[in-house]
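Trainee: After the structure tokens below, expect a handful of questions from me.
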Number of protein chains: 2
Amino acid sequence: MINHLFRLKHRPSGAVKRSDFSFGSEEVRELVDGEVLVQIQYISLDPAMRGWMNASENSYMPPVAIGDVMRAIAAGKVVRSRSGYFAVGDHVTGLLGVQEYAISSGQGLFKVDASLAPLPLFLGTLGMTGMTAYFGLLDVGQPRPGDTVVVSGAAGAVGATVGQIAKIKGARVVGIAGGADKCRYLIDELGFDAAIDYKSESVAAALAQHCPNGVDVFFDNVGGEILDAVLGRLAMHARVVICGAISQYNNLEAAKGPANYLQIMVKRATLRGVMVSDYYPRAKEAITDMAGWIAAGKLKTREDVVPGLDTFPETFQKLFDGSNNGKLVLKVA
Amino acid sequence: MINHLFRLKHRPSGAVKRSDFSFGSEEVRELVDGEVLVQIQYISLDPAMRGWMNASENSYMPPVAIGDVMRAIAAGKVVRSRSGYFAVGDHVTGLLGVQEYAISSGQGLFKVDASLAPLPLFLGTLGMTGMTAYFGLLDVGQPRPGDTVVVSGAAGAVGATVGQIAKIKGARVVGIAGGADKCRYLIDELGFDAAIDYKSESVAAALAQHCPNGVDVFFDNVGGEILDAVLGRLAMHARVVICGAISQYNNLEAAKGPANYLQIMVKRATLRGVMVSDYYPRAKEAITDMAGWIAAGKLKTREDVVPGLDTFPETFQKLFDGSNNGKLVLKVA
């Protein structure tokens with residue numbers, strides 16, 4: 001059995017290029033006791049993967065070593081098993097990599113009930129993306145009914161879920177996204193109260209207009225100038241949830257820190273991060289709530305499924321040029 | 001009766017210059033009902049005053065208007081009174097300004113018991129400086145016995161108090177200060193466990209040496225590169241107390257934000273500010289504890305008392321060139 005796979009060849013400088021990887025084919029080895037072979041059907045493409053490609057010492061996961069299979073979360077089906085827990089035919093998700101077949105010891109591999117929802121949803125709203133939104137907003141951001149919640153990267157997979165959960169919890173929601181189409185989508189399809197197009201308007205001025213009483217909760221996926229603009233508009237006792245900084249991940253220089261961070265002091269605000277792995281023990285809580293909201297039509301999901309394992313380097317880049325529409329997933333042919 | 005006083009003439013650009021103020025003399029007017037006349041004896045010089053000179057819209061206090069008496073906290077004695085609450089001879093502190101005589105309506109004026117401690121102490125450890133240290137460390141930083149607490153600006157009035165309180169609470173304390181003399185003072189006089197001289201050594205390397213298990217609590221008075229270095233060394237679930245950013249106050253450009261702020265996420269840390277005015281209702285708690293520790297010899301204070309109201313612009317600058325030794329106080333002749 002032949003596996004096609006992407007290995008990391010160089011650490012990318014700035015945006016990822018095809019030449020940063022080697023794409024090859026290799027024979028799949030035999031399993032040893034306890035292992036399973038997973039045929040990968042869908043691969044989740046996430047901004048965090050860009051960080052895993054860097055030689056950073058101080059990240060929450062070690063970098064992908066040069067020559068290793070590129071790390072990614074994926075979903076697939078068990079096709080061989082020498083495990084007492086996973087059976088052939090089980091659907092699973094885990095850090096299976098950018099490849100067609102993965103051998104897993106079962107550690108960090110999760111069974112999913114594929115009858116509940118299409119498999120790509122377990123890489124999105126019912127997976128890490130949705131849990132990041134759910135726990136980041138509810139546990140860290142703690143919105144109260146009537147609060148003004150602002151989310152950046154609002155048309156992205158995490159942002160769209162954050163905004164909809166905030167609406168379900170009774171908050172006013174303002175999304176920041178790039179382009180008129182995305183902004184229309186936030187208001188018309190997802191029920192956001194307002195949307196700010198950072199590509200065509202001043203974020204600071206638009207925040208002043210849409211958040212006259214300040215921002216109670218800011219869920220930030222973007223960093224950079226947008227973070228500074230929102231810090232300049234915080235309400236007293238605001239909660240700032242740091243989920244990511246997609247504007248900074250391709251920087252060749254150090255990330256730009258929030259120059260406005262002293263507003264945290266002036267406004268008695270709290271800035272905390274959300275790290276989804278801390279919430280794995282509570283995953284069921286999030287999946288139950290969100291599956292219920294999806295079934296009730298209160299929580300809309302959108303997956304941008306791109307076919308072709310071999311398109312990985314170019315498809316990944318869609319996360320950074322803003323051309324993806326919803327949760328970006330690579331479909332393995 | 002003649003009052004000598006400093007009025008703000010220009011908004012300073014960068015470091016404060018004498019020409020940014022007008023120094024003059026004016027006749028003291030008659031009191032109206034409810035007012036008191038305070039003869040100022042000591043004026044507190046604080047980094048925050050530099051911010052009050054800027055035309056910022058988004059600060060915790062309005063800027064000092066051009067032409068107004070320069071704002072400052074001071075201590076003195078009531079010499080005339082038409083108030084039912086304050087009597088001639090009472091010692092008081094409040095926002096009385098950089099001048100010899102101040103008329104006050106009594107709002108924001110506090111009686112102090114000058115028999116407890118010398119008057120300058122009520123501008124320092126038993127005043128806002130001490131309360132900032134006390135509540136910032138204990139309420140926001142929440143050190144536990146055995147924690148590693150790092151404080152920047154450690155030889156300054158707030159920092160020295162923070163470090164000593166952290167020791168009293170059973171923490172390991174590492175101070176960051178500029179120069180060998182200050183570092184020796186922290187260890188030999190104040191009982192810090194280690195001191196880092198940011199002028200002669202790499203802060204990041206020294207933190208790695210002195211904080212092998214990471215930094216549980218960071219109390220930051222300085223901002224800039226020191227903040228970034230400590231963010232790179234946080235322990236899991238660290239608490240970062242933002243008290244000030246003295247390295248940034250004279251910047252002509254925008255402040256430099258902490259480029260390492262995503263470590264807040266990686267380390268599940270919390271970044272919060274401390275604003276002493278939030279704690280005024282609990283002032284007695286802090287003063288009782290600290291006066292007790294001073295009496296017991298556990299908390300040492302140091303005041304750098306410089307005589308001469310007319311030296312204000314040059315004396316103020318000592319806060320920024322690192323030449324003050326302890327709480328900087330201007331003594332009115």
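How things are named: the first chain in the structure tokens is A, the next is B, and so on; residues count from 1 in each chain; ligands count from 1 in the order shown.
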Please return as a PyMOL selection string: the residues of segment 1-88 of chain A that backbone DSSP assigns to strand (DSSP E or B).
Mentor: chain A and resi 2-8+21-27+36-44+69+74-81
Trainee: I need the chosen residues saved as an mmCIF file, in the first residue's frame, with N, CA and C atoms.
Mentor:
```cif
data_model
loop_
_atom_site.group_PDB
_atom_site.id
_atom_site.type_symbol
_atom_site.label_atom_id
_atom_site.label_comp_id
_atom_site.auth_asym_id
_atom_site.auth_seq_id
_atom_site.Cartn_x
_atom_site.Cartn_y
_atom_site.Cartn_z
ATOM 1 N N ILE A 2 0.573 2.194 -0.888
ATOM 2 C CA ILE A 2 1.424 3.381 -1.087
ATOM 3 C C ILE A 2 0.793 4.606 -0.405
ATOM 4 N N ASN A 3 1.603 5.317 0.349
ATOM 5 C CA ASN A 3 1.169 6.552 1.012
ATOM 6 C C ASN A 3 1.779 7.765 0.297
ATOM 7 N N HIS A 4 0.955 8.758 -0.013
ATOM 8 C CA HIS A 4 1.482 10.035 -0.509
ATOM 9 C C HIS A 4 1.529 11.023 0.644
ATOM 10 N N LEU A 5 2.583 11.807 0.720
ATOM 11 C CA LEU A 5 2.737 12.639 1.910
ATOM 12 C C LEU A 5 3.639 13.861 1.669
ATOM 13 N N PHE A 6 3.406 14.885 2.478
ATOM 14 C CA PHE A 6 4.247 16.095 2.470
ATOM 15 C C PHE A 6 5.169 16.073 3.677
ATOM 16 N N ARG A 7 6.480 16.178 3.399
ATOM 17 C CA ARG A 7 7.442 16.344 4.487
ATOM 18 C C ARG A 7 7.986 17.777 4.458
ATOM 19 N N LEU A 8 8.302 18.324 5.637
ATOM 20 C CA LEU A 8 8.853 19.681 5.720
ATOM 21 C C LEU A 8 10.316 19.650 5.290
ATOM 22 N N PHE A 21 8.469 22.139 0.997
ATOM 23 C CA PHE A 21 8.072 20.759 1.313
ATOM 24 C C PHE A 21 8.606 19.811 0.255
ATOM 25 N N SER A 22 8.717 18.539 0.616
ATOM 26 C CA SER A 22 8.892 17.518 -0.420
ATOM 27 C C SER A 22 7.611 16.689 -0.442
ATOM 28 N N PHE A 23 7.098 16.446 -1.638
ATOM 29 C CA PHE A 23 5.882 15.655 -1.798
ATOM 30 C C PHE A 23 6.324 14.330 -2.390
ATOM 31 N N GLY A 24 6.072 13.231 -1.693
ATOM 32 C CA GLY A 24 6.576 11.946 -2.183
ATOM 33 C C GLY A 24 5.615 10.813 -1.918
ATOM 34 N N SER A 25 6.039 9.625 -2.276
ATOM 35 C CA SER A 25 5.232 8.432 -2.013
ATOM 36 C C SER A 25 6.123 7.390 -1.348
ATOM 37 N N GLU A 26 5.546 6.695 -0.408
ATOM 38 C CA GLU A 26 6.311 5.711 0.373
ATOM 39 C C GLU A 26 5.427 4.511 0.666
ATOM 40 N N GLU A 27 6.045 3.364 0.780
ATOM 41 C CA GLU A 27 5.326 2.139 1.152
ATOM 42 C C GLU A 27 4.874 2.256 2.611
ATOM 43 N N VAL A 36 -2.958 1.375 14.810
ATOM 44 C CA VAL A 36 -4.004 1.334 13.773
ATOM 45 C C VAL A 36 -3.486 2.072 12.545
ATOM 46 N N LEU A 37 -4.037 1.702 11.399
ATOM 47 C CA LEU A 37 -3.756 2.435 10.157
ATOM 48 C C LEU A 37 -5.021 3.196 9.783
ATOM 49 N N VAL A 38 -4.863 4.500 9.617
ATOM 50 C CA VAL A 38 -6.010 5.361 9.293
ATOM 51 C C VAL A 38 -5.892 5.818 7.843
ATOM 52 N N GLN A 39 -6.963 5.630 7.086
ATOM 53 C CA GLN A 39 -7.027 6.229 5.751
ATOM 54 C C GLN A 39 -7.621 7.622 5.911
ATOM 55 N N ILE A 40 -6.806 8.625 5.603
ATOM 56 C CA ILE A 40 -7.223 10.010 5.849
ATOM 57 C C ILE A 40 -8.165 10.467 4.741
ATOM 58 N N GLN A 41 -9.289 11.057 5.143
ATOM 59 C CA GLN A 41 -10.261 11.553 4.157
ATOM 60 C C GLN A 41 -10.252 13.084 4.079
ATOM 61 N N TYR A 42 -10.072 13.749 5.217
ATOM 62 C CA TYR A 42 -10.080 15.212 5.254
ATOM 63 C C TYR A 42 -8.945 15.718 6.156
ATOM 64 N N ILE A 43 -8.299 16.782 5.719
ATOM 65 C CA ILE A 43 -7.208 17.373 6.504
ATOM 66 C C ILE A 43 -7.581 18.814 6.846
ATOM 67 N N SER A 44 -7.504 19.146 8.100
ATOM 68 C CA SER A 44 -7.835 20.497 8.566
ATOM 69 C C SER A 44 -6.645 21.422 8.315
ATOM 70 N N VAL A 69 6.925 14.405 8.522
ATOM 71 C CA VAL A 69 5.631 14.640 7.876
ATOM 72 C C VAL A 69 5.046 15.924 8.464
ATOM 73 N N ALA A 74 -6.437 15.701 11.166
ATOM 74 C CA ALA A 74 -7.158 15.127 10.034
ATOM 75 C C ALA A 74 -8.217 14.164 10.545
ATOM 76 N N ALA A 75 -9.123 13.812 9.641
ATOM 77 C CA ALA A 75 -10.189 12.863 9.970
ATOM 78 C C ALA A 75 -10.173 11.751 8.934
ATOM 79 N N GLY A 76 -10.440 10.537 9.372
ATOM 80 C CA GLY A 76 -10.441 9.424 8.424
ATOM 81 C C GLY A 76 -11.069 8.190 9.037
ATOM 82 N N LYS A 77 -10.738 7.063 8.435
ATOM 83 C CA LYS A 77 -11.377 5.807 8.795
ATOM 84 C C LYS A 77 -10.274 4.804 9.097
ATOM 85 N N VAL A 78 -10.485 4.014 10.130
ATOM 86 C CA VAL A 78 -9.525 2.957 10.463
ATOM 87 C C VAL A 78 -9.664 1.845 9.420
ATOM 88 N N VAL A 79 -8.535 1.503 8.755
ATOM 89 C CA VAL A 79 -8.591 0.457 7.729
ATOM 90 C C VAL A 79 -7.812 -0.800 8.141
ATOM 91 N N ARG A 80 -6.948 -0.685 9.137
ATOM 92 C CA ARG A 80 -6.294 -1.848 9.720
ATOM 93 C C ARG A 80 -6.168 -1.567 11.203
ATOM 94 N N SER A 81 -6.253 -2.590 12.015
ATOM 95 C CA SER A 81 -6.148 -2.341 13.455
ATOM 96 C C SER A 81 -5.484 -3.492 14.181
#
```
Trainee: Got a sec: who's within 6 Å of segment 234-246 of chain B, counting only C-alpha atoms, leaving out chain neighbours fewer than 5 positions off, as a list in words?
Mentor: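 In the requested form, the answer reads Gly141, Gly214, Val215, Asp216, Val217, Phe218, Phe219, Asp220, Asn221, Val222, Gly223, Lys267, Arg268, Ala269, Thr270, Leu271, Arg272, Gly273 and Val274 of chain B.
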Trainee: Excluding segment 305-314 of chain A and residues on its chain fewer than 6 positions from it, collect all residues at most 8 Å away from it, counting only C-alpha atoms, and give them as a ChimeraX atom specification.
Mentor: /A:16-18,23,98-100,327-333
Trainee: Could you please determine the separation between atom CA of Gly175 of chain A and atom CA of Leu123 of chain A in Å, to one decimal place?
Mentor: 22.8 Å
Trainee: Tell me, as a PyMOL selection string, which residues lie within 12 Å of Leu190 of chain A, counting only C-alpha atoms; anything in the same chain fewer than 3 positions away does not count.
Mentor: chain A and resi 154-155+159-168+173-175+182-187+193-195+297-302
Trainee: Pick out the residues sitting within 10 Å of Asn260 of chain B, and hand them over as a PyMOL selection string; count only C-alpha atoms, and ignore anything fewer than 4 positions along from it in its own chain.
Mentor: (chain A and resi 254-258) or (chain B and resi 225+227-232+264)
Trainee: Please extract the residues of segment 186-235 of chain B with a backbone DSSP assignment of helix (DSSP H, G or I) and present them as a list of chain:residue names.
Mentor: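 Those in segment 186-235 of chain B that DSSP calls helix (DSSP H, G or I) are B:Leu186, B:Ile187, B:Asp188, B:Glu189, B:Val203, B:Ala204, B:Ala205, B:Ala206, B:Leu207, B:Ala208, B:Gln209, B:His210, B:Gly224, B:Glu225, B:Ile226, B:Leu227, B:Asp228, B:Ala229, B:Val230, B:Leu231.
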Trainee: Take the residues from that selection and put them in a file with N, CA, C and O atoms, as a compact mmCIF listing (two decimals), in the first residue's frame.
Mentor:
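Result written to part.txt:
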```
# COMPACT_ATOMS: atom_id res chain seq x y z
N LEU B 186 19.35 45.78 46.44
CA LEU B 186 18.21 44.86 46.45
C LEU B 186 18.55 43.60 47.26
O LEU B 186 17.73 43.13 48.06
N ILE B 187 19.74 43.09 47.06
CA ILE B 187 20.11 41.83 47.73
C ILE B 187 20.54 42.08 49.18
O ILE B 187 20.05 41.44 50.11
N ASP B 188 21.46 43.05 49.36
CA ASP B 188 22.04 43.25 50.71
C ASP B 188 21.09 43.94 51.67
O ASP B 188 21.05 43.61 52.85
N GLU B 189 20.36 44.91 51.18
CA GLU B 189 19.51 45.69 52.09
C GLU B 189 18.09 45.16 52.16
O GLU B 189 17.46 45.17 53.21
N VAL B 203 19.05 40.38 29.98
CA VAL B 203 17.95 40.07 30.90
C VAL B 203 17.42 38.66 30.63
O VAL B 203 17.16 37.90 31.56
N ALA B 204 17.31 38.29 29.36
CA ALA B 204 16.78 36.96 29.03
C ALA B 204 17.68 35.86 29.60
O ALA B 204 17.19 34.90 30.21
N ALA B 205 18.99 36.01 29.43
CA ALA B 205 19.91 34.99 29.92
C ALA B 205 19.89 34.94 31.45
O ALA B 205 19.89 33.86 32.05
N ALA B 206 19.85 36.11 32.09
CA ALA B 206 19.84 36.14 33.55
C ALA B 206 18.53 35.56 34.09
O ALA B 206 18.53 34.88 35.13
N LEU B 207 17.43 35.79 33.41
CA LEU B 207 16.16 35.20 33.85
C LEU B 207 16.23 33.68 33.76
O LEU B 207 15.73 32.97 34.64
N ALA B 208 16.83 33.18 32.68
CA ALA B 208 16.95 31.72 32.53
C ALA B 208 17.75 31.14 33.69
O ALA B 208 17.43 30.08 34.22
N GLN B 209 18.77 31.90 34.14
CA GLN B 209 19.61 31.43 35.24
C GLN B 209 18.87 31.50 36.59
O GLN B 209 18.90 30.55 37.37
N HIS B 210 18.22 32.64 36.84
CA HIS B 210 17.63 32.86 38.16
C HIS B 210 16.21 32.32 38.30
O HIS B 210 15.69 32.25 39.41
N GLY B 224 8.51 47.74 27.48
CA GLY B 224 9.57 47.65 26.48
C GLY B 224 10.25 46.29 26.44
O GLY B 224 9.60 45.25 26.58
N GLU B 225 11.56 46.33 26.26
CA GLU B 225 12.30 45.08 26.06
C GLU B 225 12.32 44.18 27.29
O GLU B 225 12.40 42.96 27.18
N ILE B 226 12.24 44.80 28.47
CA ILE B 226 12.25 43.99 29.69
C ILE B 226 10.95 43.19 29.80
O ILE B 226 10.95 42.00 30.14
N LEU B 227 9.84 43.82 29.47
CA LEU B 227 8.56 43.10 29.46
C LEU B 227 8.62 41.92 28.48
O LEU B 227 8.22 40.80 28.81
N ASP B 228 9.16 42.16 27.30
CA ASP B 228 9.28 41.07 26.32
C ASP B 228 10.15 39.93 26.85
O ASP B 228 9.82 38.76 26.66
N ALA B 229 11.25 40.29 27.49
CA ALA B 229 12.14 39.24 28.00
C ALA B 229 11.43 38.39 29.05
O ALA B 229 11.54 37.16 29.04
N VAL B 230 10.68 39.02 29.94
CA VAL B 230 10.00 38.24 30.99
C VAL B 230 8.85 37.43 30.39
O VAL B 230 8.63 36.27 30.79
N LEU B 231 8.13 37.99 29.43
CA LEU B 231 7.06 37.21 28.78
C LEU B 231 7.62 35.92 28.18
O LEU B 231 6.95 34.90 28.14
```
Trainee: Could you tell me how far atom CA of Lys111 of chain A lies from atom CA of Pro281 of chain A, in Å and to one decimal?
Mentor: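 Spanning atom CA of Lys111 of chain A to atom CA of Pro281 of chain A is a straight-line distance of 14.6 Å.
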Trainee: Find the residues near Trp52 of chain B: any atom within 8 Å, counting only C-alpha atoms, skip ones fewer than 5 places away on the same chain, and give them as a ChimeraX atom specification.
Mentor: /B:61-64,71
Trainee: Using only C-alpha atoms, which of B:Gly179, B:Gly51, B:Pro143, B:Gly106 sits nearest chain A?
Mentor: B:Gly51
